[in-house]
file query.csv (CSV, C-alpha atoms (C1' of nucleotides))
chain,number,residue,atom,x,y,z
K,1195,MET,CA,10.6,45.3,-45.5
K,1196,PRO,CA,12.6,45.5,-48.6
K,1197,GLU,CA,10.8,46.0,-51.8
K,1198,LEU,CA,12.5,47.3,-54.9
K,1199,PRO,CA,13.1,50.9,-53.6
K,1200,GLU,CA,14.6,49.8,-50.3
K,1201,VAL,CA,17.0,47.3,-51.9
K,1202,GLU,CA,17.9,50.1,-54.4
K,1203,ILE,CA,18.9,52.3,-51.5
K,1204,VAL,CA,21.1,49.6,-49.9
K,1205,LYS,CA,22.7,49.1,-53.3
K,1206,GLN,CA,23.6,52.8,-53.6
K,1207,SER,CA,25.1,52.8,-50.1
K,1208,LEU,CA,27.1,49.7,-50.8
K,1209,ILE,CA,28.5,51.0,-54.1
K,1210,LYS,CA,29.9,54.0,-52.2
K,1211,THR,CA,31.4,51.9,-49.5
K,1212,THR,CA,32.4,48.5,-50.6
K,1213,LYS,CA,33.0,48.6,-54.4
K,1214,ASN,CA,36.5,47.5,-55.2
K,1215,LYS,CA,37.2,46.6,-51.6
K,1216,ARG,CA,38.6,43.3,-50.5
K,1217,ILE,CA,36.9,40.9,-48.1
K,1218,THR,CA,39.4,39.9,-45.5
K,1219,ASP,CA,37.3,37.5,-43.4
K,1220,VAL,CA,33.9,36.0,-43.1
K,1221,ILE,CA,32.1,34.9,-39.9
K,1222,VAL,CA,28.8,33.0,-40.1
K,1223,ARG,CA,27.0,32.5,-36.8
K,1224,ASN,CA,23.8,31.0,-38.2
K,1225,ARG,CA,23.5,29.2,-41.5
K,1226,ASN,CA,19.8,28.5,-41.1
K,1227,LEU,CA,18.3,31.3,-43.1
K,1228,ARG,CA,15.3,30.7,-45.4
K,1229,PHE,CA,17.6,28.3,-47.3
K,1230,LYS,CA,20.6,26.9,-45.6
K,1231,LEU,CA,23.7,29.0,-46.4
K,1232,ASP,CA,26.1,27.1,-48.7
K,1233,ASN,CA,28.9,25.4,-46.7
K,1234,ASN,CA,31.4,26.9,-49.1
K,1235,PHE,CA,30.2,30.5,-48.5
K,1236,GLU,CA,33.1,31.6,-46.4
K,1237,ASN,CA,35.8,30.3,-48.8
K,1238,PHE,CA,33.8,31.5,-51.8
K,1239,ILE,CA,34.3,35.2,-50.8
K,1240,LYS,CA,37.2,35.3,-48.4
K,1241,ASN,CA,40.1,37.3,-49.7
K,1242,ARG,CA,38.1,38.2,-52.8
K,1243,LEU,CA,37.4,41.6,-54.3
K,1244,VAL,CA,33.9,43.0,-54.5
K,1245,THR,CA,34.0,44.3,-58.0
K,1246,ASP,CA,30.4,45.5,-58.4
K,1247,ILE,CA,27.1,45.8,-56.7
K,1248,TYR,CA,23.8,45.8,-58.4
K,1249,ARG,CA,20.1,45.1,-57.9
K,1250,ILE,CA,17.6,42.8,-59.7
K,1251,ALA,CA,14.0,43.3,-58.5
K,1252,LYS,CA,14.2,42.8,-54.7
K,1253,TYR,CA,17.6,41.0,-54.9
K,1254,LEU,CA,20.9,42.6,-54.1
K,1255,VAL,CA,23.9,41.2,-56.1
K,1256,LEU,CA,27.5,41.4,-55.0
K,1257,GLU,CA,29.8,40.7,-57.9
K,1258,ILE,CA,33.0,38.9,-56.7
K,1259,ASP,CA,36.2,39.0,-58.7
K,1260,TYR,CA,34.3,40.1,-61.9
K,1261,ILE,CA,32.9,36.6,-62.4
K,1262,LYS,CA,31.3,35.1,-59.4
K,1263,CYS,CA,28.4,36.7,-57.4
K,1264,ILE,CA,26.4,36.4,-54.3
K,1265,LEU,CA,22.7,37.0,-54.2
K,1266,VAL,CA,21.0,38.5,-51.2
K,1267,HIS,CA,17.3,38.5,-50.5
K,1268,PHE,CA,16.2,40.3,-47.4
K,1269,GLY,CA,12.9,38.5,-46.9
K,1270,MET,CA,10.7,40.4,-44.4
K,1271,SER,CA,13.2,41.4,-41.8
K,1272,GLY,CA,16.7,41.3,-43.2
K,1273,THR,CA,18.9,44.3,-42.9
K,1274,LEU,CA,22.5,45.2,-43.6
K,1275,HIS,CA,24.7,47.2,-41.2
K,1276,LEU,CA,28.0,48.8,-42.0
K,1277,VAL,CA,30.0,49.1,-38.8
K,1278,ASN,CA,33.6,49.9,-37.8
K,1279,ASP,CA,35.9,47.7,-35.9
K,1280,LYS,CA,34.4,48.6,-32.5
K,1281,ASN,CA,30.9,47.6,-33.7
K,1282,LYS,CA,29.9,51.2,-33.9
K,1283,LEU,CA,27.6,52.0,-36.8
K,1284,LYS,CA,29.7,53.8,-39.3
K,1285,THR,CA,27.0,54.5,-41.9
K,1286,ASN,CA,23.3,53.8,-41.8
K,1287,LEU,CA,22.7,51.4,-44.6
K,1288,SER,CA,19.4,52.1,-46.1
K,1289,PHE,CA,16.0,51.7,-44.6
K,1290,TYR,CA,17.3,50.6,-41.2
K,1291,HIS,CA,17.1,53.6,-39.0
K,1292,SER,CA,18.7,52.6,-35.7
K,1293,GLN,CA,22.0,54.2,-34.6
K,1294,LYS,CA,23.0,51.0,-32.9
K,1295,LEU,CA,23.8,47.6,-34.2
K,1296,PRO,CA,21.1,45.2,-33.1
K,1297,GLU,CA,22.1,42.8,-30.3
K,1298,LYS,CA,20.5,39.7,-31.7
K,1299,HIS,CA,20.2,37.9,-35.0
K,1300,ASN,CA,23.5,39.2,-36.5
K,1301,HIS,CA,23.9,36.0,-38.6
K,1302,ILE,CA,26.7,36.9,-41.0
K,1303,GLU,CA,29.6,39.2,-40.7
K,1304,ILE,CA,31.7,40.2,-43.8
K,1305,ASN,CA,35.0,41.9,-42.8
K,1306,PHE,CA,36.9,44.4,-44.9
K,1307,LYS,CA,40.0,46.1,-43.9
K,1308,GLU,CA,38.5,49.0,-42.0
K,1309,PHE,CA,34.9,48.0,-41.5
K,1310,LYS,CA,32.5,45.2,-41.8
K,1311,ILE,CA,29.0,44.5,-43.1
K,1312,ILE,CA,26.6,42.6,-40.9
K,1313,TYR,CA,23.6,40.7,-42.1
K,1314,ASN,CA,20.8,40.8,-39.5
K,1315,ASP,CA,17.5,39.0,-39.9
K,1316,PRO,CA,15.2,38.2,-36.9
K,1317,ARG,CA,12.7,36.2,-38.9
K,1318,ARG,CA,15.2,34.5,-41.2
K,1319,PHE,CA,13.0,34.7,-44.2
K,1320,GLY,CA,15.9,36.2,-46.1
K,1321,PHE,CA,18.6,34.1,-47.8
K,1322,ILE,CA,22.0,34.3,-49.5
K,1323,LYS,CA,23.0,32.2,-52.5
K,1324,ILE,CA,26.3,31.9,-54.2
K,1325,PHE,CA,26.8,31.6,-58.0
K,1326,LYS,CA,30.0,30.6,-59.8
K,1327,ASN,CA,29.2,32.9,-62.6
K,1328,THR,CA,26.5,35.4,-63.6
K,1329,GLU,CA,25.1,33.0,-66.2
K,1330,LEU,CA,24.0,30.7,-63.4
K,1331,LEU,CA,22.4,33.7,-61.7
K,1332,LYS,CA,20.5,34.4,-64.9
K,1333,ILE,CA,19.2,30.9,-65.0
K,1334,TYR,CA,18.2,31.1,-61.4
K,1335,LEU,CA,16.1,34.2,-62.1
K,1336,ASN,CA,14.9,33.0,-65.4
K,1337,SER,CA,11.2,32.9,-64.6
K,1338,TYR,CA,11.2,36.4,-63.1
K,1339,GLY,CA,9.1,39.1,-64.7
K,1340,LEU,CA,10.4,42.5,-65.7
K,1341,GLU,CA,10.5,45.2,-63.0
K,1342,PRO,CA,8.5,48.4,-63.6
K,1343,LEU,CA,11.6,50.5,-63.9
K,1344,ASP,CA,12.9,48.3,-66.8
K,1345,GLN,CA,12.7,50.2,-70.1
K,1346,ASN,CA,11.0,47.2,-71.7
K,1347,PHE,CA,8.2,47.3,-69.1
K,1348,ASN,CA,5.6,48.8,-71.5
K,1349,LEU,CA,2.0,48.4,-72.4
K,1350,ASN,CA,2.6,45.5,-74.6
K,1351,TYR,CA,4.4,43.6,-71.9
K,1352,LEU,CA,1.6,44.2,-69.4
K,1353,LYS,CA,-1.0,43.2,-71.9
K,1354,ASN,CA,0.7,40.0,-72.7
K,1355,LYS,CA,1.3,39.2,-69.0
K,1356,LEU,CA,-2.3,40.0,-67.8
K,1357,LYS,CA,-4.2,38.8,-70.8
K,1358,ASN,CA,-6.7,36.1,-69.8
K,1359,ARG,CA,-5.5,36.3,-66.2
K,1360,ASN,CA,-8.2,35.2,-63.7
K,1361,LYS,CA,-6.0,36.4,-60.9
K,1362,ASN,CA,-6.9,39.7,-59.1
K,1363,VAL,CA,-4.8,42.6,-59.9
K,1364,LYS,CA,-3.3,42.9,-56.4
K,1365,ASN,CA,-1.9,39.4,-56.6
K,1366,ILE,CA,-0.7,40.0,-60.1
K,1367,LEU,CA,1.3,43.0,-58.9
K,1368,LEU,CA,2.8,40.8,-56.1
K,1369,ASP,CA,3.6,37.9,-58.4
K,1370,GLN,CA,7.3,38.2,-59.1
K,1371,LYS,CA,7.0,36.0,-62.2
K,1372,LEU,CA,4.7,38.6,-63.8
K,1373,ILE,CA,6.1,41.8,-62.4
K,1374,SER,CA,9.1,41.8,-60.2
K,1375,GLY,CA,10.2,44.2,-57.4
K,1376,VAL,CA,6.7,45.2,-56.1
K,1377,GLY,CA,5.7,44.1,-52.7
K,1378,ASN,CA,2.6,44.6,-50.5
K,1379,ILE,CA,3.1,48.3,-49.7
K,1380,TYR,CA,3.8,49.5,-53.2
K,1381,ALA,CA,1.1,47.3,-54.7
K,1382,ASN,CA,-1.5,49.0,-52.5
K,1383,GLU,CA,-0.2,52.4,-53.4
K,1384,ILE,CA,0.0,51.8,-57.1
K,1385,LEU,CA,-3.6,50.6,-57.2
K,1386,PHE,CA,-4.8,53.6,-55.3
K,1387,TYR,CA,-3.1,56.0,-57.8
K,1388,SER,CA,-4.5,53.9,-60.6
K,1389,LYS,CA,-8.0,54.0,-59.2
K,1390,ILE,CA,-8.4,50.3,-59.6
K,1391,ASN,CA,-10.0,47.9,-57.1
K,1392,PRO,CA,-7.5,45.4,-55.9
K,1393,LYS,CA,-10.0,42.6,-56.4
K,1394,LYS,CA,-10.5,43.3,-60.1
K,1395,ARG,CA,-9.3,40.4,-62.2
K,1396,GLY,CA,-6.5,40.9,-64.7
K,1397,LYS,CA,-8.5,39.8,-67.7
K,1398,ASN,CA,-11.1,42.5,-66.9
K,1399,LEU,CA,-8.6,45.4,-67.0
K,1400,ASN,CA,-9.0,47.7,-70.0
K,1401,ASN,CA,-6.2,49.5,-71.9
K,1402,LYS,CA,-6.7,52.7,-69.9
K,1403,GLU,CA,-6.3,50.8,-66.6
K,1404,LEU,CA,-3.2,49.0,-67.8
K,1405,LYS,CA,-1.7,52.3,-68.8
K,1406,LYS,CA,-2.4,53.7,-65.4
K,1407,ILE,CA,-0.7,50.7,-63.8
K,1408,LEU,CA,2.2,51.1,-66.1
K,1409,ILE,CA,2.7,54.7,-65.4
K,1410,ASN,CA,1.9,54.7,-61.7
K,1411,SER,CA,4.2,51.7,-60.9
K,1412,LYS,CA,7.1,53.6,-62.4
K,1413,ILE,CA,6.2,56.9,-60.6
K,1414,VAL,CA,5.6,55.3,-57.2
K,1415,LEU,CA,8.8,53.3,-57.2
K,1416,LYS,CA,10.9,56.2,-58.5
K,1417,LYS,CA,9.5,58.5,-55.9
K,1418,ALA,CA,10.0,56.0,-53.1
K,1419,ILE,CA,13.7,55.7,-54.2
K,1420,LYS,CA,14.0,59.5,-54.1
K,1421,PHE,CA,12.7,59.5,-50.6
K,1422,GLY,CA,15.1,56.8,-49.5
K,1423,GLY,CA,12.5,54.0,-49.3
K,1424,SER,CA,10.1,53.3,-46.5
K,1425,SER,CA,10.8,52.5,-42.9
K,1426,ILE,CA,7.6,51.3,-41.3
K,1427,LYS,CA,8.3,49.3,-38.2
K,1428,ASN,CA,9.9,51.1,-35.3
K,1429,PHE,CA,12.7,49.1,-34.0
K,1430,LYS,CA,13.7,49.6,-30.4
K,1431,ASN,CA,16.4,52.3,-29.9
K,1432,THR,CA,15.3,54.1,-33.0
K,1433,ASP,CA,16.8,57.4,-33.3
K,1434,GLY,CA,16.4,58.9,-36.7
K,1435,SER,CA,15.3,57.5,-40.0
K,1436,ASN,CA,16.7,57.3,-43.5
K,1437,GLY,CA,13.7,56.3,-45.6
K,1438,THR,CA,10.8,58.7,-45.4
K,1439,TYR,CA,8.4,57.4,-48.0
K,1440,GLN,CA,6.1,56.0,-45.3
K,1441,LYS,CA,5.0,59.6,-44.8
K,1442,GLU,CA,3.8,59.6,-48.4
K,1443,PHE,CA,1.6,56.6,-48.0
K,1444,LYS,CA,-1.9,57.2,-49.3
K,1445,VAL,CA,-3.6,54.0,-48.3
K,1446,TYR,CA,-1.1,51.5,-46.9
K,1447,ASP,CA,-1.7,51.1,-43.1
K,1448,LYS,CA,-4.4,53.8,-43.3
K,1449,LEU,CA,-7.4,51.9,-42.1
K,1450,ASN,CA,-10.3,54.3,-41.5
K,1451,SER,CA,-8.4,57.3,-42.6
K,1452,LYS,CA,-10.1,59.7,-44.9
K,1453,CYS,CA,-9.4,59.0,-48.5
K,1454,PRO,CA,-6.7,61.5,-49.6
K,1455,ASN,CA,-8.5,62.3,-52.9
K,1456,LYS,CA,-10.1,65.7,-52.9
K,1457,ASN,CA,-13.9,65.7,-52.6
K,1458,CYS,CA,-14.0,62.0,-51.5
K,1459,LYS,CA,-15.4,61.6,-48.0
K,1460,SER,CA,-14.9,57.8,-48.0
K,1461,LEU,CA,-12.7,56.0,-45.4
K,1462,ILE,CA,-9.9,53.7,-46.3
K,1463,LYS,CA,-10.9,50.1,-46.0
K,1464,LYS,CA,-8.8,47.1,-45.1
K,1465,ILE,CA,-9.4,43.6,-46.5
K,1466,VAL,CA,-7.3,40.5,-46.7
K,1467,ILE,CA,-6.3,39.1,-50.1
K,1468,SER,CA,-4.3,35.9,-50.1
K,1469,ASN,CA,-3.3,36.5,-46.5
K,1470,ARG,CA,-1.9,40.0,-47.2
K,1471,SER,CA,-3.4,43.2,-45.9
K,1472,THR,CA,-4.9,45.2,-48.6
K,1473,PHE,CA,-5.9,48.9,-48.2
K,1474,TYR,CA,-8.1,50.8,-50.7
K,1475,CYS,CA,-10.8,53.4,-51.2
K,1476,GLN,CA,-14.1,51.7,-52.2
K,1477,LYS,CA,-15.3,54.9,-53.8
K,1478,CYS,CA,-12.3,55.8,-55.8
K,1479,GLN,CA,-11.0,52.4,-56.8
K,1480,LYS,CA,-13.5,50.6,-59.1
G,1169,DA,C1',-2.1,24.9,-65.4
G,1170,DA,C1',-3.2,28.5,-62.7
G,1171,DG,C1',-4.5,30.2,-58.4
G,1172,DA,C1',-5.4,30.0,-53.4
G,1173,DG,C1',-3.7,28.9,-49.0
G,1174,DG,C1',-0.2,27.0,-45.6
G,1175,DC,C1',3.9,27.7,-43.8
G,1176,DC,C1',8.8,29.0,-42.6
G,1177,DC,C1',10.3,32.5,-38.1
G,1178,DT,C1',10.7,36.2,-34.3
G,1179,DG,C1',9.1,40.3,-32.2
G,1180,DA,C1',5.8,44.0,-31.3
G,1181,DT,C1',1.5,45.1,-29.8
G,1182,DA,C1',-3.4,44.8,-28.4
G,1183,DG,C1',-6.7,42.8,-25.4
G,1184,DC,C1',-8.0,40.3,-21.5
J,757,DT,C1',2.3,42.3,-14.8
J,758,DG,C1',1.6,38.4,-17.6
J,759,DC,C1',-0.6,35.6,-20.4
J,760,DT,C1',-2.5,34.7,-25.4
J,761,DA,C1',-3.7,35.9,-30.0
J,762,DT,C1',-2.8,38.5,-34.0
J,763,DC,C1',-0.1,40.6,-37.3
J,764,DA,C1',4.2,42.0,-40.0
J,765,DG,C1',7.3,45.0,-46.1
J,766,DG,C1',8.1,37.5,-48.9
J,767,DG,C1',7.9,33.6,-51.6
J,768,DC,C1',8.3,28.5,-52.0
J,769,DC,C1',5.6,24.4,-51.8
J,770,DT,C1',1.4,21.7,-52.0
J,771,DC,C1',-3.1,20.9,-53.1
J,772,DT,C1',-7.1,21.5,-55.9
call {"tool": "encode", "arguments": {"input": "query.csv", "output": "structure tokens"}}
result
Amino acid sequence: MPELPEVEIVKQSLIKTTKNKRITDVIVRNRNLRFKLDNNFENFIKNRLVTDIYRIAKYLVLEIDYIKCILVHFGMSGTLHLVNDKNKLKTNLSFYHSQKLPEKHNHIEINFKEFKIIYNDPRRFGFIKIFKNTELLKIYLNSYGLEPLDQNFNLNYLKNKLKNRNKNVKNILLDQKLISGVGNIYANEILFYSKINPKKRGKNLNNKELKKILINSKIVLKKAIKFGGSSIKNFKNTDGSNGTYQKEFKVYDKLNSKCPNKNCKSLIKKIVISNRSTFYCQKCQK
DNA sequence: AAGAGGCCCTGATAGC
DNA sequence: TGCTATCAGGGCCTCT
């Protein structure tokens, strides 16, 4: 699920609904997420004000009482649901497109006066961490690379990060320490638009190719945000969808489809790179 | 030291 | 229908 655009959409929904609202109660049903939820989590946020909500790469940050914060990572299957007191979905948060609250895996419930937010995560690859101040959060994310939408994400930055890299460009795009916020879907799409073979090694990319990655990573992510992110897996009981960028996919999950480029009759190929599905056009991506 | 692969976990789906 | 195998939008850890 959640790559940068999807988390951005969640953030935007949360700003509208929970900014400057007070948390009245917290219920944790399962602490065993990717990392065990801090034993102090409930006390840490109970009766506290959510003073801001922002996003760093694929992380969602809830600022608490102007100083503290909690960091949310959605892993592969984490979703947030805003529901009213009767467990009816009040607003669809983000990329999750069911009208109903899932029945299982509702691990954490954060109550506000008139609604609550529920963290659901079947695979439990997601996690939540608490930080006493934003300085500590900065230290935690110290090794993270810039995200493509950062204004300092420019040609020089890319050159410095990719110079002498033996790593293939697909893995480079997925390496959060080099470039943050991009996941498997958008990595595939960015490389298609850039006409670069995913297996090409970083050190072999010329300036022109780096420029294409630079520009297309910004374009693809911005467009995905504009479309409300991507919703790819159909949950049961689906009934409408928020994110529609999946309709714009050029290569992701398009095995054996015709290459979308005009005058190209090649079919989209699927290979596995470091255990992740990789889709590309052999003709167009060199 | 950088890079590849294993692994954490549940659920949906394909194939027999 | 019911089993098994495979695959998912991530990233930390270990090994080489």
call {"tool": "residues_around", "arguments": {"input": "query.csv", "residues": "DC771 (chain J)", "least_positions_apart": "4", "cutoff": "12 Å", "atoms": "only C-alpha atoms (C1' of nucleotides)", "output": "VMD selection string"}}
result
chain G and resid 1171 to 1174
call {"tool": "interface_residues", "arguments": {"input": "query.csv", "of": "chain K", "to": "chain J", "cutoff": "8 Å", "atoms": "all atoms listed in the file", "output": "PyMOL selection string"}}
result
chain K and resi 1195-1197+1269-1270+1319+1377-1379+1426
call {"tool": "atom_distance", "arguments": {"input": "query.csv", "atom1": "CA of Ser1468 (chain K)", "atom2": "CA of Leu1331 (chain K)"}}
result
29.2 Å
call {"tool": "closest_atom_pairs", "arguments": {"input": "query.csv", "of": "chain K", "to": "chain G", "cutoff": "7 Å", "atoms": "all atoms listed in the file", "output": "JSON lines"}}
result
{"residue": "K:Pro1316", "atom": "CA", "partner": "G:DT1178", "partner_atom": "C1'", "distance": 5.6}
{"residue": "K:Arg1317", "atom": "CA", "partner": "G:DC1177", "partner_atom": "C1'", "distance": 4.5}
{"residue": "K:Arg1318", "atom": "CA", "partner": "G:DC1177", "partner_atom": "C1'", "distance": 6.1}
{"residue": "K:Lys1361", "atom": "CA", "partner": "G:DG1171", "partner_atom": "C1'", "distance": 6.9}
{"residue": "K:Ser1468", "atom": "CA", "partner": "G:DA1172", "partner_atom": "C1'", "distance": 6.8}
call {"tool": "atom_distance", "arguments": {"input": "query.csv", "atom1": "CA of Phe1238 (chain K)", "atom2": "CA of Asn1336 (chain K)"}}
result
23.3 Å
